[in-house]
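Worksheet for the structure shown next.
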Amino acid sequence: MKSSLVAIIIVIVIVIGGAGFIAVKDPKLLQFKSSSTIPETSPGMRVLASTEVNNSMSGSWYEILNVTAGVTNLSDLSSVIDNLSGSSSSSAGFPVNAPYLHVSYAQAAVFATENDSDLIFGYAAFSSINYANLTNSTIFSNITKDHLKNVTYGEIMGAFFVYGFNKTDGNYSSAIYAVYSNYFILGLYHGLRNRTMSAFTGMISTEISILNAYKINFVSAERLVATSNVTSVIGSSFTSDFNISVYVINPGLALKNAQGTSTFHSEQKSFSPVFNITDNGTALAGFALETLSSSSMKVTFALGYLQAISSSTVSQAYTNITTMLNNSLRGNPIGLSVINQTYNGLKFFELNISSSNGPNITFAIGMKQNYLVFEADLGSGQMLSQLKSVMEEESYLL
């Protein structure tokens, strides 16, 4: 009996061990589901993906663009802006103490279908629950005061939500917002079909699951030199103030849907240049900007890029910029001109603009493939070598 039991145990160990080996070699072959599936998100984001939108809204939804922004240190940025403008009054800069600016980071994505329906969905993370609740109180009191029709409110997954819809000229507009911990979640829809409240609360539920499951670093924008590297190169301690990145995933569908709106039909002449740019392949595919400040140096360092669909667009833009600058600098008393440099495939130039009365600015502009890169020192006007070093580091990230 004992020998039989030992034999059975040995067989079980061999089977489990073999299964574990198979799972390591190919995890897809063996998956033990002990918890519910984590929702799919847009790449690099904590916003639901097209798949999740389809689950709630039905139809073929496509993501057409997304936005990420992080805010960490507006007070230092405001101080530098005041110095550049020659004002010592905080009122000349940003209203850094305004409650609505206490957002640490935010993300949103725009989705569309082939039948001219659009959805904006995203969230903002306030620095504390109190600011999220204050925002909710302000909005909800205005809704109550105005006695808006077709408005419903309730609770889902521990979040308070408000949903409303309206129909105008045959099109439906719907909106929902929810407050969950320090998160303010928002969804805006416009299209030919009326969407049910359950579709929107379903997306809110999914978004809450995503916020609980995923963590992302919002201190620096994607493909931009990190704060620590800027501090190392310049030799003074810098802190991140603000960053934003925008990526266009499906510009064709976005513009097609825009063409179907009443606004486009009434202002077609104004919009036609935008559509011409897209049709000939020169549309932007992305944008990123980051600002960092040093309180000891009273300097803000800004860096970013524009990403185009076509590299020829970037090349032409760079040529136009250098030509324009050389024409404007021709005949200046100190002999300024654009001098191109090349490093790791990145072509760039630098210029100082400074005077006794200010502003004092050093800037650099470069190009690599389909990226147009820009950097600026706002405050000292004496950072040619430092901007060159940061530009060289940036060349490896594009």
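Here's how to read the names in the structure tokens: chain A, B, ... by the order shown, residue numbers from 1 in each chain, ligand numbers from 1 in the order shown.
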Step one, run DSSP on the backbone; step two, keep only residues of segment 172-387 of chain A assigned to helix (DSSP H, G or I); then write them as a PDB file with C-alpha atoms, in the first residue's frame.
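result32.pdb, written as the output of this step:
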ATOM      1  CA  MET A 197     -26.118  54.785 -19.644  1.00  0.00           C
ATOM      2  CA  SER A 198     -25.010  51.207 -18.963  1.00  0.00           C
ATOM      3  CA  ALA A 199     -22.519  51.486 -21.831  1.00  0.00           C
ATOM      4  CA  PHE A 200     -20.888  54.466 -20.122  1.00  0.00           C
ATOM      5  CA  THR A 201     -20.967  53.020 -16.611  1.00  0.00           C
ATOM      6  CA  GLY A 202     -19.402  49.879 -18.096  1.00  0.00           C
ATOM      7  CA  MET A 203     -16.473  51.955 -19.343  1.00  0.00           C
ATOM      8  CA  ILE A 204     -16.195  53.694 -15.956  1.00  0.00           C
ATOM      9  CA  SER A 205     -16.054  50.285 -14.271  1.00  0.00           C
ATOM     10  CA  THR A 206     -13.310  49.138 -16.660  1.00  0.00           C
ATOM     11  CA  GLU A 207     -11.328  52.344 -16.139  1.00  0.00           C
ATOM     12  CA  ILE A 208     -11.436  51.920 -12.356  1.00  0.00           C
ATOM     13  CA  SER A 209     -10.047  48.394 -12.742  1.00  0.00           C
ATOM     14  CA  ILE A 210      -7.255  49.770 -14.954  1.00  0.00           C
ATOM     15  CA  LEU A 211      -6.339  52.520 -12.483  1.00  0.00           C
ATOM     16  CA  ASN A 212      -6.072  49.927  -9.726  1.00  0.00           C
ATOM     17  CA  ALA A 213      -4.038  47.475 -11.814  1.00  0.00           C
ATOM     18  CA  THR A 227      15.519  64.986 -15.481  1.00  0.00           C
ATOM     19  CA  SER A 228      18.541  63.274 -13.888  1.00  0.00           C
ATOM     20  CA  ASN A 229      20.448  63.482 -17.184  1.00  0.00           C
ATOM     21  CA  VAL A 230      19.709  67.198 -17.551  1.00  0.00           C
ATOM     22  CA  THR A 231      20.917  67.773 -13.970  1.00  0.00           C
ATOM     23  CA  SER A 232      24.101  65.798 -14.690  1.00  0.00           C
ATOM     24  CA  VAL A 233      24.888  67.725 -17.881  1.00  0.00           C
ATOM     25  CA  ILE A 234      24.088  71.250 -16.660  1.00  0.00           C
ATOM     26  CA  PRO A 251      -5.328  60.737 -38.563  1.00  0.00           C
ATOM     27  CA  GLY A 252      -7.281  59.645 -41.644  1.00  0.00           C
ATOM     28  CA  LEU A 253     -10.275  58.424 -39.645  1.00  0.00           C
ATOM     29  CA  ALA A 254     -10.171  61.471 -37.376  1.00  0.00           C
ATOM     30  CA  LEU A 255     -10.345  63.852 -40.297  1.00  0.00           C
ATOM     31  CA  LYS A 256     -12.974  61.780 -42.091  1.00  0.00           C
ATOM     32  CA  ASN A 257     -15.220  62.026 -39.036  1.00  0.00           C
ATOM     33  CA  ALA A 258     -14.535  65.737 -38.725  1.00  0.00           C
ATOM     34  CA  GLN A 259     -15.629  66.220 -42.327  1.00  0.00           C
ATOM     35  CA  SER A 262     -21.976  70.388 -39.211  1.00  0.00           C
ATOM     36  CA  THR A 263     -19.120  72.586 -37.976  1.00  0.00           C
ATOM     37  CA  PHE A 264     -16.916  71.462 -40.857  1.00  0.00           C
ATOM     38  CA  HIS A 265     -19.626  72.055 -43.454  1.00  0.00           C
ATOM     39  CA  SER A 266     -20.194  75.606 -42.203  1.00  0.00           C
ATOM     40  CA  GLN A 268     -15.113  74.262 -44.830  1.00  0.00           C
ATOM     41  CA  LYS A 269     -12.828  76.946 -46.249  1.00  0.00           C
ATOM     42  CA  SER A 270     -11.116  77.378 -42.893  1.00  0.00           C
ATOM     43  CA  PHE A 271     -10.505  73.638 -42.480  1.00  0.00           C
ATOM     44  CA  SER A 272      -9.428  72.850 -46.041  1.00  0.00           C
ATOM     45  CA  PRO A 273      -5.683  73.604 -45.476  1.00  0.00           C
ATOM     46  CA  VAL A 274      -5.618  71.034 -42.655  1.00  0.00           C
ATOM     47  CA  PHE A 275      -7.120  68.363 -44.891  1.00  0.00           C
ATOM     48  CA  ASN A 276      -4.738  69.206 -47.718  1.00  0.00           C
ATOM     49  CA  ILE A 277      -1.778  68.712 -45.375  1.00  0.00           C
ATOM     50  CA  THR A 278      -3.050  65.301 -44.337  1.00  0.00           C
ATOM     51  CA  ASP A 279      -3.860  64.208 -47.875  1.00  0.00           C
ATOM     52  CA  SER A 311      10.811  62.515 -42.844  1.00  0.00           C
ATOM     53  CA  SER A 312      10.787  64.828 -45.883  1.00  0.00           C
ATOM     54  CA  THR A 313       8.341  67.088 -44.010  1.00  0.00           C
ATOM     55  CA  VAL A 314      10.806  67.435 -41.124  1.00  0.00           C
ATOM     56  CA  SER A 315      13.721  68.038 -43.482  1.00  0.00           C
ATOM     57  CA  GLN A 316      11.832  70.815 -45.269  1.00  0.00           C
ATOM     58  CA  ALA A 317      10.765  72.401 -41.966  1.00  0.00           C
ATOM     59  CA  TYR A 318      14.360  72.384 -40.701  1.00  0.00           C
ATOM     60  CA  THR A 319      15.585  73.983 -43.933  1.00  0.00           C
ATOM     61  CA  ASN A 320      12.886  76.648 -43.719  1.00  0.00           C
ATOM     62  CA  ILE A 321      13.800  77.470 -40.098  1.00  0.00           C
ATOM     63  CA  THR A 322      17.532  77.785 -40.762  1.00  0.00           C
ATOM     64  CA  THR A 323      16.927  79.887 -43.890  1.00  0.00           C
ATOM     65  CA  MET A 324      14.566  82.219 -42.053  1.00  0.00           C
ATOM     66  CA  LEU A 325      16.996  82.655 -39.136  1.00  0.00           C
ATOM     67  CA  ASN A 326      19.986  83.317 -41.389  1.00  0.00           C
ATOM     68  CA  ASN A 327      17.999  85.922 -43.330  1.00  0.00           C
ATOM     69  CA  SER A 328      16.938  87.688 -40.137  1.00  0.00           C
ATOM     70  CA  LEU A 329      20.458  87.518 -38.635  1.00  0.00           C
ATOM     71  CA  LEU A 384      25.480  76.526 -25.702  1.00  0.00           C
ATOM     72  CA  SER A 385      27.747  73.673 -24.537  1.00  0.00           C
ATOM     73  CA  GLN A 386      25.087  72.245 -22.200  1.00  0.00           C
ATOM     74  CA  LEU A 387      22.377  72.281 -24.879  1.00  0.00           C
TER      75      LEU A 387
END
- Message: Excluding Gly122 of chain A and its own-chain neighbours fewer than 6 positions away, which residues fall within 9 Å of it when counting only C-alpha atoms? Please give them as an NGL selection string.
- Response: :A and (46-48 or 106-110 or 184-187 or 207)
C-alpha atoms of the current selection, written as a PDB file, in the first residue's frame:
ATOM      1  CA  ARG A  46      -3.943  53.780 -18.139  1.00  0.00           C
ATOM      2  CA  VAL A  47      -6.906  54.452 -20.438  1.00  0.00           C
ATOM      3  CA  LEU A  48      -9.059  51.651 -21.813  1.00  0.00           C
ATOM      4  CA  ALA A 106      -3.881  63.153 -16.739  1.00  0.00           C
ATOM      5  CA  GLN A 107      -4.438  60.882 -19.745  1.00  0.00           C
ATOM      6  CA  ALA A 108      -7.091  60.704 -22.433  1.00  0.00           C
ATOM      7  CA  ALA A 109      -7.717  58.908 -25.713  1.00  0.00           C
ATOM      8  CA  VAL A 110      -9.963  59.762 -28.646  1.00  0.00           C
ATOM      9  CA  PHE A 184     -11.739  62.301 -11.898  1.00  0.00           C
ATOM     10  CA  ILE A 185     -12.865  60.127 -14.852  1.00  0.00           C
ATOM     11  CA  LEU A 186     -14.577  61.693 -17.861  1.00  0.00           C
ATOM     12  CA  GLY A 187     -16.255  60.388 -21.034  1.00  0.00           C
ATOM     13  CA  GLU A 207     -11.328  52.344 -16.139  1.00  0.00           C
TER      14      GLU A 207
END
Compile the contact shell of segment 367-382 of chain A as a PDB file with N, CA, C and O atoms, in the first residue's frame: residues with an atom at most 6 Å away, counting only C-alpha atoms, same-chain residues fewer than 4 positions apart removed.
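Result file follows (result.pdb):
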ATOM      1  N   VAL A 299      16.360  79.240 -13.739  1.00  0.00           N
ATOM      2  CA  VAL A 299      16.376  78.857 -15.155  1.00  0.00           C
ATOM      3  C   VAL A 299      15.350  77.756 -15.368  1.00  0.00           C
ATOM      4  O   VAL A 299      15.203  76.855 -14.542  1.00  0.00           O
ATOM      5  N   THR A 300      14.622  77.836 -16.467  1.00  0.00           N
ATOM      6  CA  THR A 300      13.771  76.732 -16.911  1.00  0.00           C
ATOM      7  C   THR A 300      14.364  76.153 -18.189  1.00  0.00           C
ATOM      8  O   THR A 300      14.765  76.895 -19.088  1.00  0.00           O
ATOM      9  N   PHE A 301      14.446  74.833 -18.228  1.00  0.00           N
ATOM     10  CA  PHE A 301      14.974  74.135 -19.397  1.00  0.00           C
ATOM     11  C   PHE A 301      13.811  73.423 -20.079  1.00  0.00           C
ATOM     12  O   PHE A 301      13.082  72.662 -19.438  1.00  0.00           O
ATOM     13  N   ALA A 302      13.580  73.707 -21.343  1.00  0.00           N
ATOM     14  CA  ALA A 302      12.484  73.095 -22.093  1.00  0.00           C
ATOM     15  C   ALA A 302      13.051  72.251 -23.214  1.00  0.00           C
ATOM     16  O   ALA A 302      14.020  72.639 -23.876  1.00  0.00           O
ATOM     17  N   LEU A 303      12.470  71.087 -23.419  1.00  0.00           N
ATOM     18  CA  LEU A 303      12.866  70.239 -24.531  1.00  0.00           C
ATOM     19  C   LEU A 303      11.659  69.477 -25.050  1.00  0.00           C
ATOM     20  O   LEU A 303      10.705  69.224 -24.313  1.00  0.00           O
ATOM     21  N   GLY A 304      11.703  69.153 -26.324  1.00  0.00           N
ATOM     22  CA  GLY A 304      10.583  68.437 -26.914  1.00  0.00           C
ATOM     23  C   GLY A 304      10.827  68.104 -28.366  1.00  0.00           C
ATOM     24  O   GLY A 304      11.933  68.295 -28.888  1.00  0.00           O
ATOM     25  N   TYR A 305       9.808  67.600 -29.015  1.00  0.00           N
ATOM     26  CA  TYR A 305       9.922  67.269 -30.432  1.00  0.00           C
ATOM     27  C   TYR A 305       8.553  67.274 -31.100  1.00  0.00           C
ATOM     28  O   TYR A 305       7.513  67.163 -30.453  1.00  0.00           O
ATOM     29  N   LEU A 306       8.591  67.421 -32.406  1.00  0.00           N
ATOM     30  CA  LEU A 306       7.443  67.198 -33.275  1.00  0.00           C
ATOM     31  C   LEU A 306       7.769  65.980 -34.125  1.00  0.00           C
ATOM     32  O   LEU A 306       8.864  65.888 -34.686  1.00  0.00           O
ATOM     33  N   GLN A 307       6.848  65.045 -34.207  1.00  0.00           N
ATOM     34  CA  GLN A 307       7.041  63.846 -35.012  1.00  0.00           C
ATOM     35  C   GLN A 307       6.088  63.901 -36.191  1.00  0.00           C
ATOM     36  O   GLN A 307       4.880  64.043 -36.025  1.00  0.00           O
ATOM     37  N   ALA A 308       6.631  63.807 -37.395  1.00  0.00           N
ATOM     38  CA  ALA A 308       5.816  63.849 -38.604  1.00  0.00           C
ATOM     39  C   ALA A 308       5.688  62.454 -39.198  1.00  0.00           C
ATOM     40  O   ALA A 308       6.483  61.553 -38.909  1.00  0.00           O
ATOM     41  N   SER A 310       6.077  61.872 -42.362  1.00  0.00           N
ATOM     42  CA  SER A 310       7.096  61.811 -43.406  1.00  0.00           C
ATOM     43  C   SER A 310       8.369  62.511 -42.952  1.00  0.00           C
ATOM     44  O   SER A 310       8.321  63.619 -42.411  1.00  0.00           O
ATOM     45  N   SER A 311       9.532  61.890 -43.181  1.00  0.00           N
ATOM     46  CA  SER A 311      10.811  62.515 -42.844  1.00  0.00           C
ATOM     47  C   SER A 311      11.097  63.711 -43.743  1.00  0.00           C
ATOM     48  O   SER A 311      11.803  64.644 -43.340  1.00  0.00           O
ATOM     49  N   VAL A 314       9.899  66.925 -42.148  1.00  0.00           N
ATOM     50  CA  VAL A 314      10.806  67.435 -41.124  1.00  0.00           C
ATOM     51  C   VAL A 314      12.017  68.102 -41.766  1.00  0.00           C
ATOM     52  O   VAL A 314      12.449  69.184 -41.342  1.00  0.00           O
ATOM     53  N   LEU A 346      21.805  62.944 -35.861  1.00  0.00           N
ATOM     54  CA  LEU A 346      21.005  64.125 -35.535  1.00  0.00           C
ATOM     55  C   LEU A 346      21.720  65.377 -36.035  1.00  0.00           C
ATOM     56  O   LEU A 346      22.859  65.658 -35.653  1.00  0.00           O
ATOM     57  N   LYS A 347      21.060  66.130 -36.873  1.00  0.00           N
ATOM     58  CA  LYS A 347      21.581  67.394 -37.388  1.00  0.00           C
ATOM     59  C   LYS A 347      20.940  68.519 -36.590  1.00  0.00           C
ATOM     60  O   LYS A 347      19.711  68.566 -36.440  1.00  0.00           O
ATOM     61  N   ASN A 352      22.350  81.779 -29.204  1.00  0.00           N
ATOM     62  CA  ASN A 352      22.118  82.548 -27.992  1.00  0.00           C
ATOM     63  C   ASN A 352      21.371  83.825 -28.335  1.00  0.00           C
ATOM     64  O   ASN A 352      21.701  84.497 -29.320  1.00  0.00           O
ATOM     65  N   SER A 354      20.503  87.094 -26.043  1.00  0.00           N
ATOM     66  CA  SER A 354      20.578  87.688 -24.721  1.00  0.00           C
ATOM     67  C   SER A 354      20.841  89.186 -24.819  1.00  0.00           C
ATOM     68  O   SER A 354      21.406  89.666 -25.797  1.00  0.00           O
ATOM     69  N   ASN A 360      16.848  86.392 -21.772  1.00  0.00           N
ATOM     70  CA  ASN A 360      18.074  85.667 -22.078  1.00  0.00           C
ATOM     71  C   ASN A 360      17.735  84.219 -22.382  1.00  0.00           C
ATOM     72  O   ASN A 360      17.308  83.473 -21.504  1.00  0.00           O
ATOM     73  N   ILE A 361      17.932  83.843 -23.629  1.00  0.00           N
ATOM     74  CA  ILE A 361      17.504  82.516 -24.090  1.00  0.00           C
ATOM     75  C   ILE A 361      18.598  81.884 -24.937  1.00  0.00           C
ATOM     76  O   ILE A 361      19.218  82.540 -25.784  1.00  0.00           O
ATOM     77  N   THR A 362      18.868  80.621 -24.686  1.00  0.00           N
ATOM     78  CA  THR A 362      19.675  79.802 -25.581  1.00  0.00           C
ATOM     79  C   THR A 362      18.767  78.715 -26.133  1.00  0.00           C
ATOM     80  O   THR A 362      18.034  78.094 -25.368  1.00  0.00           O
ATOM     81  N   PHE A 363      18.773  78.498 -27.440  1.00  0.00           N
ATOM     82  CA  PHE A 363      17.924  77.447 -27.982  1.00  0.00           C
ATOM     83  C   PHE A 363      18.664  76.630 -29.026  1.00  0.00           C
ATOM     84  O   PHE A 363      19.661  77.069 -29.602  1.00  0.00           O
TER      85      PHE A 363
END
- Would you please work out which residue, of A:Met45, A:Ile120, A:Ile143, A:Val53, is nearest to Ile216 of chain A when using only C-alpha atoms? A:Met45
- Please measure the separation of atom CA of Val246 of chain A and atom CA of Gly70 of chain A, giving the value in Å to one decimal. 12.3 Å
- Task: Quick one: pick out all strand (DSSP E) residues within segment 193-253 of chain A from a backbone DSSP run and write them as a PyMOL selection string.
- Result: chain A and resi 239-248
Output the selection as an mmCIF file, in the first residue's frame - N, CA and C atoms for each residue.
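Listed below is the output, part37.cif:
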data_model
loop_
_atom_site.group_PDB
_atom_site.id
_atom_site.type_symbol
_atom_site.label_atom_id
_atom_site.label_comp_id
_atom_site.auth_asym_id
_atom_site.auth_seq_id
_atom_site.Cartn_x
_atom_site.Cartn_y
_atom_site.Cartn_z
ATOM 1 N N THR A 239 14.289 70.054 -11.387
ATOM 2 C CA THR A 239 13.108 69.257 -11.098
ATOM 3 C C THR A 239 12.124 69.403 -12.250
ATOM 4 N N SER A 240 11.381 68.344 -12.516
ATOM 5 C CA SER A 240 10.407 68.368 -13.601
ATOM 6 C C SER A 240 9.217 69.240 -13.213
ATOM 7 N N ASP A 241 8.794 70.126 -14.122
ATOM 8 C CA ASP A 241 7.639 70.996 -13.888
ATOM 9 C C ASP A 241 6.392 70.432 -14.548
ATOM 10 N N PHE A 242 6.553 70.067 -15.805
ATOM 11 C CA PHE A 242 5.384 69.767 -16.628
ATOM 12 C C PHE A 242 5.842 68.961 -17.834
ATOM 13 N N ASN A 243 5.031 68.011 -18.252
ATOM 14 C CA ASN A 243 5.323 67.317 -19.511
ATOM 15 C C ASN A 243 4.019 66.926 -20.185
ATOM 16 N N ILE A 244 4.061 66.871 -21.491
ATOM 17 C CA ILE A 244 2.884 66.473 -22.262
ATOM 18 C C ILE A 244 3.345 65.750 -23.520
ATOM 19 N N SER A 245 2.607 64.739 -23.898
ATOM 20 C CA SER A 245 2.883 64.033 -25.158
ATOM 21 C C SER A 245 1.562 63.707 -25.836
ATOM 22 N N VAL A 246 1.547 63.864 -27.136
ATOM 23 C CA VAL A 246 0.360 63.602 -27.946
ATOM 24 C C VAL A 246 0.773 62.707 -29.109
ATOM 25 N N TYR A 247 0.033 61.628 -29.330
ATOM 26 C CA TYR A 247 0.335 60.722 -30.436
ATOM 27 C C TYR A 247 -0.900 60.502 -31.293
ATOM 28 N N VAL A 248 -0.756 60.750 -32.581
ATOM 29 C CA VAL A 248 -1.843 60.565 -33.534
ATOM 30 C C VAL A 248 -1.690 59.178 -34.143
#
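When only C-alpha atoms are used to compute distances to Leu336 of chain A, the closest of the residues A:Tyr172, A:Phe161, A:Tyr396, A:Phe349 turns out to be A:Phe349.
Between atom CA of Phe140 of chain A and atom CA of Ala175 of chain A lies a distance of 13.2 Å.
Put simply, atom CA of Ile139 of chain A is 20.7 Å away from atom CA of Leu119 of chain A.
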- Rank nothing, just name the residue among A:Thr72, A:Ile309, A:Glu52, A:Thr135 nearest to Ala285 of chain A, using only C-alpha atoms. A:Ile309
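The environment of Trp61 of chain A within 7 Å, counting only C-alpha atoms and disregarding residues fewer than 5 places along the same chain, consists of Ser50, Val53, Asn54, Phe111, Ala112 and Thr113 of chain A.
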